[in-house]
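Here is the structure we will look at.
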Amino acid sequence: MSGDLVNLANQLLKQQTFSVLLDAEVVHAEIGKIAIALPQRQDFLQNHGFIHGGVLSYLADNAMTFAGGSIFGPDVLTVEYKINYLRPATESRLVATAEVIQSGKNLAICQCKITSSEGSDDVLLAIAQGTIMKTQ
C-alpha cells in the first residue's frame, strides 16, 4: 500500500513544474504522513554557501500540503505556515517529513521536520507548522 501511495504522490508532484525544476521526489507516503526529498545542488546555495531558506520553505510547504492531501484528497491549498530555521543546510540531500497532527472537516494542522544526512546521522535543519485547507 505504501508503495502505491508513493507512486501516486510522485505522479501528483510531477504535475507541479516548480517541483520538477527542483528535482523533488516523494520518498515515503502513508495516510497523514509524507516525506519529500531534494538532491543537494549548487544552484540551491545562497551567497554564504548554505542552501537558500526558500528551498527549505518550499519543502516544508509542499510536504505539509501533500500530508493534508493524503487525508482530504488532491484538492488542497496551504492557508498559512511558519518555519523555524535551526541550522544552515550545507550537505547531502534534504528530506522534509510532514505529518497531519489534527484534522477536521476542511482544515488540517500539519508539522514538518526538514533534515539532511551527514554521514550516518540525520541533522535537523528546520521545523514548520501549517494549516492545509480542503478546497472542494
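Convention: chains lettered A, B, ... in C-alpha cells order; per-chain residue numbering from 1; ligands numbered from 1 as shown.
When the distance limit is 9 Å and only C-alpha atoms are what count, the residues near A:Thr90, minus those fewer than 6 positions from it on the same chain, are A:Gln40, A:Leu45, A:Gly49, A:Phe50, A:Ile51, A:Ser116.
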Could you save the residues just selected, with all heavy atoms, as a compact mmCIF listing (two decimals), in the first residue's frame?
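Written file, result39.txt:
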```txt
# COMPACT_ATOMS: atom_id res chain seq x y z
N GLN A 40 21.03 17.68 -3.19
CA GLN A 40 21.79 18.90 -2.94
C GLN A 40 22.32 19.39 -4.28
O GLN A 40 22.87 18.60 -5.05
CB GLN A 40 22.94 18.64 -1.96
CG GLN A 40 23.41 19.90 -1.29
CD GLN A 40 24.81 20.32 -1.68
OE1 GLN A 40 25.42 19.78 -2.58
NE2 GLN A 40 25.30 21.33 -0.99
N LEU A 45 22.32 27.15 -3.47
CA LEU A 45 23.12 27.85 -2.47
C LEU A 45 22.94 29.36 -2.55
O LEU A 45 22.80 29.94 -3.62
CB LEU A 45 24.60 27.51 -2.64
CG LEU A 45 24.96 26.03 -2.55
CD1 LEU A 45 26.47 25.85 -2.74
CD2 LEU A 45 24.50 25.42 -1.24
N GLY A 49 27.13 30.16 0.98
CA GLY A 49 27.39 28.76 0.72
C GLY A 49 26.41 27.80 1.37
O GLY A 49 26.62 26.59 1.33
N PHE A 50 25.35 28.32 1.95
CA PHE A 50 24.32 27.48 2.55
C PHE A 50 23.15 27.35 1.58
O PHE A 50 22.93 28.22 0.73
CB PHE A 50 23.80 28.08 3.87
CG PHE A 50 24.87 28.32 4.89
CD1 PHE A 50 25.06 29.57 5.43
CD2 PHE A 50 25.69 27.28 5.30
CE1 PHE A 50 26.04 29.79 6.38
CE2 PHE A 50 26.67 27.49 6.26
CZ PHE A 50 26.85 28.75 6.79
N ILE A 51 22.37 26.27 1.74
CA ILE A 51 21.17 26.13 0.91
C ILE A 51 20.19 27.24 1.28
O ILE A 51 19.94 27.50 2.47
CB ILE A 51 20.55 24.73 1.09
CG1 ILE A 51 21.53 23.68 0.54
CG2 ILE A 51 19.21 24.63 0.37
CD1 ILE A 51 21.12 22.25 0.77
N SER A 116 18.87 16.84 6.91
CA SER A 116 19.86 16.46 5.91
C SER A 116 20.70 15.35 6.51
O SER A 116 20.75 15.18 7.73
CB SER A 116 20.75 17.65 5.51
OG SER A 116 21.63 17.99 6.55
```
In stretch 24-102 of chain A, what's helix (DSSP H, G or I) per DSSP? Answer as a tab-separated table (two decimals) with N, CA, C and O atoms, in the first residue's frame?
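Generated output (selection-v7.tsv):
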```tsv
chain	number	residue	atom	x	y	z
A	42	GLN	N	24.19	22.82	-6.44
A	42	GLN	CA	24.92	24.08	-6.33
A	42	GLN	C	24.00	25.29	-6.52
A	42	GLN	O	24.18	26.31	-5.87
A	43	ASP	N	23.02	25.17	-7.39
A	43	ASP	CA	22.15	26.32	-7.64
A	43	ASP	C	21.12	26.56	-6.53
A	43	ASP	O	20.34	27.50	-6.60
A	44	PHE	N	21.14	25.75	-5.48
A	44	PHE	CA	20.31	25.99	-4.29
A	44	PHE	C	21.03	26.87	-3.27
A	44	PHE	O	20.43	27.29	-2.29
A	53	GLY	N	17.15	29.55	2.22
A	53	GLY	CA	15.97	29.30	3.05
A	53	GLY	C	14.70	29.09	2.25
A	53	GLY	O	13.80	28.37	2.68
A	54	GLY	N	14.62	29.68	1.08
A	54	GLY	CA	13.45	29.48	0.23
A	54	GLY	C	13.31	28.04	-0.24
A	54	GLY	O	12.19	27.56	-0.43
A	55	VAL	N	14.42	27.35	-0.40
A	55	VAL	CA	14.37	25.94	-0.77
A	55	VAL	C	13.79	25.12	0.38
A	55	VAL	O	12.93	24.26	0.18
A	56	LEU	N	14.24	25.41	1.60
A	56	LEU	CA	13.69	24.72	2.78
A	56	LEU	C	12.22	25.05	2.95
A	56	LEU	O	11.41	24.18	3.28
A	57	SER	N	11.87	26.31	2.72
A	57	SER	CA	10.48	26.74	2.84
A	57	SER	C	9.59	26.03	1.82
A	57	SER	O	8.48	25.58	2.15
A	58	TYR	N	10.06	25.91	0.58
A	58	TYR	CA	9.33	25.15	-0.43
A	58	TYR	C	9.07	23.72	0.06
A	58	TYR	O	7.95	23.22	-0.04
A	59	LEU	N	10.11	23.07	0.57
A	59	LEU	CA	9.97	21.69	1.02
A	59	LEU	C	8.92	21.57	2.12
A	59	LEU	O	8.09	20.67	2.09
A	60	ALA	N	8.98	22.46	3.10
A	60	ALA	CA	8.02	22.41	4.21
A	60	ALA	C	6.60	22.61	3.70
A	60	ALA	O	5.69	21.84	4.04
A	61	ASP	N	6.40	23.63	2.89
A	61	ASP	CA	5.06	23.93	2.36
A	61	ASP	C	4.51	22.76	1.57
A	61	ASP	O	3.38	22.31	1.78
A	62	ASN	N	5.31	22.23	0.65
A	62	ASN	CA	4.82	21.16	-0.20
A	62	ASN	C	4.58	19.87	0.58
A	62	ASN	O	3.59	19.19	0.36
A	63	ALA	N	5.49	19.54	1.49
A	63	ALA	CA	5.31	18.31	2.27
A	63	ALA	C	4.05	18.39	3.14
A	63	ALA	O	3.29	17.42	3.22
A	64	MET	N	3.82	19.54	3.78
A	64	MET	CA	2.62	19.67	4.60
A	64	MET	C	1.36	19.62	3.74
A	64	MET	O	0.36	19.01	4.14
A	65	THR	N	1.40	20.22	2.56
A	65	THR	CA	0.24	20.19	1.68
A	65	THR	C	-0.04	18.76	1.21
A	65	THR	O	-1.19	18.32	1.18
A	66	PHE	N	1.01	18.02	0.89
A	66	PHE	CA	0.82	16.62	0.49
A	66	PHE	C	0.32	15.78	1.66
A	66	PHE	O	-0.51	14.88	1.46
A	67	ALA	N	0.79	16.05	2.87
A	67	ALA	CA	0.28	15.32	4.04
A	67	ALA	C	-1.21	15.59	4.21
A	67	ALA	O	-2.00	14.66	4.41
A	68	GLY	N	-1.61	16.87	4.13
A	68	GLY	CA	-3.03	17.21	4.21
A	68	GLY	C	-3.82	16.58	3.08
A	68	GLY	O	-4.93	16.07	3.28
A	69	GLY	N	-3.23	16.56	1.88
A	69	GLY	CA	-3.89	15.95	0.74
A	69	GLY	C	-4.06	14.44	0.88
A	69	GLY	O	-4.98	13.86	0.31
A	70	SER	N	-3.21	13.82	1.68
A	70	SER	CA	-3.36	12.37	1.89
A	70	SER	C	-4.60	12.07	2.73
A	70	SER	O	-5.11	10.96	2.71
A	71	ILE	N	-5.09	13.08	3.45
A	71	ILE	CA	-6.33	12.95	4.24
A	71	ILE	C	-7.54	13.40	3.41
A	71	ILE	O	-8.55	12.72	3.35
A	72	PHE	N	-7.41	14.58	2.75
A	72	PHE	CA	-8.54	15.22	2.07
A	72	PHE	C	-8.66	14.90	0.58
A	72	PHE	O	-9.67	15.21	-0.03
```
Quiz prompt | Neighbour list for A:Leu94 as JSON, numbers by chain, cut-off 6 Å, only C-alpha atoms, skip fewer than 3 positions in-chain | solution = {"A": [37, 38, 115, 116]}
Atoms kept (N, CA and C atoms) for selection, written as a short mmCIF file (atom, residue, chain, number, x, y, z; two decimals), in the first residue's frame:
```cif
data_model
loop_
_atom_site.label_atom_id
_atom_site.label_comp_id
_atom_site.auth_asym_id
_atom_site.auth_seq_id
_atom_site.Cartn_x
_atom_site.Cartn_y
_atom_site.Cartn_z
N ALA A 37 11.96 14.55 -0.81
CA ALA A 37 13.40 14.76 -0.80
C ALA A 37 13.83 15.63 -1.98
N LEU A 38 14.91 16.35 -1.76
CA LEU A 38 15.57 17.12 -2.81
C LEU A 38 17.05 16.77 -2.80
N THR A 115 15.37 17.59 7.39
CA THR A 115 16.66 17.06 7.81
C THR A 115 17.59 16.95 6.61
N SER A 116 18.87 16.84 6.91
CA SER A 116 19.86 16.46 5.91
C SER A 116 20.70 15.35 6.51
#
```
Quiz prompt | Shell around A:Ala29 at 7 Å using only C-alpha atoms, local window under 2 positions removed, as a list in words | solution = Ser2, Leu5, Val6, Val27, Ile31, Lys33, Ile34 and Ala35 of chain A
Preceding selection exported with N, CA, C and O atoms as an mmCIF file, in the first residue's frame:
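The resulting file, part_19.cif, is shown below:
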```
data_model
loop_
_atom_site.group_PDB
_atom_site.id
_atom_site.type_symbol
_atom_site.label_atom_id
_atom_site.label_comp_id
_atom_site.auth_asym_id
_atom_site.auth_seq_id
_atom_site.Cartn_x
_atom_site.Cartn_y
_atom_site.Cartn_z
ATOM 1 N N SER A 2 1.907 1.289 0.837
ATOM 2 C CA SER A 2 2.764 2.468 0.912
ATOM 3 C C SER A 2 3.422 2.766 -0.432
ATOM 4 O O SER A 2 3.519 3.915 -0.835
ATOM 5 N N LEU A 5 0.988 4.511 -2.685
ATOM 6 C CA LEU A 5 0.823 5.921 -2.317
ATOM 7 C C LEU A 5 2.026 6.751 -2.755
ATOM 8 O O LEU A 5 1.871 7.891 -3.185
ATOM 9 N N VAL A 6 3.225 6.193 -2.645
ATOM 10 C CA VAL A 6 4.426 6.897 -3.110
ATOM 11 C C VAL A 6 4.315 7.152 -4.610
ATOM 12 O O VAL A 6 4.581 8.264 -5.078
ATOM 13 N N VAL A 27 9.499 10.265 -1.174
ATOM 14 C CA VAL A 27 10.245 9.058 -0.814
ATOM 15 C C VAL A 27 9.515 8.195 0.207
ATOM 16 O O VAL A 27 9.895 7.054 0.443
ATOM 17 N N ILE A 31 -1.063 7.483 4.808
ATOM 18 C CA ILE A 31 -2.143 8.411 5.113
ATOM 19 C C ILE A 31 -1.735 9.272 6.301
ATOM 20 O O ILE A 31 -1.398 8.762 7.371
ATOM 21 N N LYS A 33 0.983 11.199 6.460
ATOM 22 C CA LYS A 33 2.429 11.422 6.598
ATOM 23 C C LYS A 33 3.117 11.274 5.244
ATOM 24 O O LYS A 33 2.917 10.279 4.550
ATOM 25 N N ILE A 34 3.937 12.266 4.894
ATOM 26 C CA ILE A 34 4.624 12.295 3.599
ATOM 27 C C ILE A 34 6.062 12.753 3.821
ATOM 28 O O ILE A 34 6.321 13.618 4.653
ATOM 29 N N ALA A 35 6.985 12.207 3.038
ATOM 30 C CA ALA A 35 8.369 12.691 3.023
ATOM 31 C C ALA A 35 8.750 13.013 1.584
ATOM 32 O O ALA A 35 8.581 12.184 0.686
#
```
Exercise. Can you work out which one of A:Ala108, A:Val95, A:Ala9, A:Ala89 has the shortest atom-to-atom distance to A:Thr135, counting only C-alpha atoms?
Key: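 That would be A:Ala108, the residue with the smallest distance to A:Thr135.
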Exercise. Assign secondary structure with DSSP using the backbone only, and return the residues of stretch 10-101 of chain A in strand (DSSP E) as an NGL selection string.
Key: :A and (25-30 or 33-38 or 76-85 or 94-101)
Residues of the last selection are to be written out with N, CA, C and O atoms, as a compact mmCIF listing (two decimals), in the first residue's frame.
```txt
# COMPACT_ATOMS: atom_id res chain seq x y z
N GLU A 25 11.21 14.64 -5.03
CA GLU A 25 10.74 13.27 -5.11
C GLU A 25 10.09 12.86 -3.80
O GLU A 25 10.65 13.09 -2.72
N VAL A 26 8.91 12.28 -3.88
CA VAL A 26 8.27 11.71 -2.69
C VAL A 26 8.97 10.39 -2.40
O VAL A 26 9.05 9.51 -3.26
N VAL A 27 9.50 10.27 -1.17
CA VAL A 27 10.25 9.06 -0.81
C VAL A 27 9.51 8.19 0.21
O VAL A 27 9.89 7.05 0.44
N HIS A 28 8.46 8.74 0.81
CA HIS A 28 7.64 7.98 1.75
C HIS A 28 6.24 8.57 1.73
O HIS A 28 6.08 9.79 1.68
N ALA A 29 5.25 7.70 1.77
CA ALA A 29 3.86 8.17 1.80
C ALA A 29 3.00 7.17 2.54
O ALA A 29 3.07 5.97 2.29
N GLU A 30 2.24 7.69 3.47
CA GLU A 30 1.18 6.94 4.14
C GLU A 30 0.10 7.95 4.46
O GLU A 30 0.33 9.16 4.37
N LYS A 33 0.98 11.20 6.46
CA LYS A 33 2.43 11.42 6.60
C LYS A 33 3.12 11.27 5.24
O LYS A 33 2.92 10.28 4.55
N ILE A 34 3.94 12.27 4.89
CA ILE A 34 4.62 12.29 3.60
C ILE A 34 6.06 12.75 3.82
O ILE A 34 6.32 13.62 4.65
N ALA A 35 6.98 12.21 3.04
CA ALA A 35 8.37 12.69 3.02
C ALA A 35 8.75 13.01 1.58
O ALA A 35 8.58 12.18 0.69
N ILE A 36 9.25 14.23 1.38
CA ILE A 36 9.70 14.69 0.07
C ILE A 36 11.18 15.01 0.18
O ILE A 36 11.62 15.68 1.12
N ALA A 37 11.96 14.55 -0.81
CA ALA A 37 13.40 14.76 -0.80
C ALA A 37 13.83 15.63 -1.98
O ALA A 37 13.20 15.62 -3.04
N LEU A 38 14.91 16.35 -1.76
CA LEU A 38 15.57 17.12 -2.81
C LEU A 38 17.05 16.77 -2.80
O LEU A 38 17.65 16.66 -1.73
N VAL A 76 -6.33 20.58 -2.29
CA VAL A 76 -5.97 21.26 -1.05
C VAL A 76 -5.05 22.43 -1.35
O VAL A 76 -4.37 22.46 -2.38
N LEU A 77 -5.05 23.38 -0.43
CA LEU A 77 -4.16 24.54 -0.50
C LEU A 77 -3.63 24.85 0.89
O LEU A 77 -4.29 24.57 1.89
N THR A 78 -2.47 25.47 0.93
CA THR A 78 -1.92 25.95 2.19
C THR A 78 -2.64 27.24 2.58
O THR A 78 -2.76 28.16 1.78
N VAL A 79 -3.12 27.31 3.82
CA VAL A 79 -3.73 28.53 4.35
C VAL A 79 -2.65 29.41 4.97
O VAL A 79 -2.62 30.62 4.77
N GLU A 80 -1.77 28.80 5.74
CA GLU A 80 -0.67 29.53 6.37
C GLU A 80 0.37 28.53 6.86
O GLU A 80 0.07 27.36 7.04
N TYR A 81 1.60 29.01 7.04
CA TYR A 81 2.60 28.20 7.71
C TYR A 81 3.69 29.09 8.28
O TYR A 81 3.86 30.23 7.89
N LYS A 82 4.40 28.52 9.23
CA LYS A 82 5.51 29.18 9.90
C LYS A 82 6.67 28.21 9.87
O LYS A 82 6.49 27.01 10.02
N ILE A 83 7.87 28.75 9.69
CA ILE A 83 9.05 27.90 9.67
C ILE A 83 10.12 28.47 10.59
O ILE A 83 10.30 29.69 10.63
N ASN A 84 10.77 27.60 11.33
CA ASN A 84 11.92 27.97 12.14
C ASN A 84 13.15 27.30 11.55
O ASN A 84 13.20 26.07 11.44
N TYR A 85 14.14 28.11 11.17
CA TYR A 85 15.40 27.57 10.67
C TYR A 85 16.30 27.35 11.88
O TYR A 85 16.57 28.27 12.64
N LEU A 94 18.20 16.82 1.07
CA LEU A 94 17.26 17.32 2.07
C LEU A 94 16.02 16.43 2.06
O LEU A 94 15.57 16.02 1.00
N VAL A 95 15.46 16.19 3.24
CA VAL A 95 14.22 15.43 3.34
C VAL A 95 13.28 16.18 4.27
O VAL A 95 13.64 16.50 5.41
N ALA A 96 12.09 16.47 3.78
CA ALA A 96 11.03 17.10 4.58
C ALA A 96 9.99 16.03 4.89
O ALA A 96 9.40 15.46 3.97
N THR A 97 9.79 15.77 6.17
CA THR A 97 8.79 14.79 6.60
C THR A 97 7.68 15.53 7.31
O THR A 97 7.91 16.16 8.34
N ALA A 98 6.48 15.48 6.73
CA ALA A 98 5.33 16.21 7.27
C ALA A 98 4.27 15.22 7.72
O ALA A 98 4.08 14.17 7.11
N GLU A 99 3.58 15.62 8.79
CA GLU A 99 2.56 14.76 9.37
C GLU A 99 1.35 15.60 9.77
O GLU A 99 1.50 16.72 10.27
N VAL A 100 0.17 15.06 9.52
CA VAL A 100 -1.05 15.71 9.98
C VAL A 100 -1.16 15.48 11.48
O VAL A 100 -1.13 14.34 11.94
N ILE A 101 -1.28 16.55 12.23
CA ILE A 101 -1.39 16.47 13.69
C ILE A 101 -2.85 16.42 14.11
O ILE A 101 -3.24 15.69 15.02
```
Self-check item: Residue with smallest distance to A:Arg93 - pool A:Arg41, A:Lys105, A:Lys134, A:His48, counting only C-alpha atoms
Solution: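 Using only C-alpha atoms, A:Arg93 sits closest to A:Arg41.
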Practice problem: Would you work out the distance separating atom CA of A:Asp122 from atom CA of A:Leu22, expressed in Å to one decimal? | Solution: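 That distance, rounded to one decimal, is 21.2 Å.
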Self-check item: Surrounding residues of A:Leu86 excluding itself and chain neighbours under 2 positions, 9 Å, only C-alpha atoms, as a list in words
Solution: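 Answer for this query is Asn84, Pro88, Leu124, Leu125, Ala126 and Ile127 of chain A.
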Practice problem: State, in Å with one decimal place, the distance from atom CA of A:Asn10 to atom CA of A:Gly32. | Solution: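 Rounded to one decimal, the two atoms are 15.7 Å apart.
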Quiz item: So which one's closest to A:Gly104, A:Asn47, A:Thr131, A:Gln11, A:Thr17? Using only C-alpha atoms, please.
Solution: A:Thr131
Quiz prompt | Distance of atom CA of A:Met133 from atom CA of A:Gln111, expressed in Å to one decimal place | solution =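 Atom CA of A:Met133 lies at a distance of 14.3 Å from atom CA of A:Gln111.
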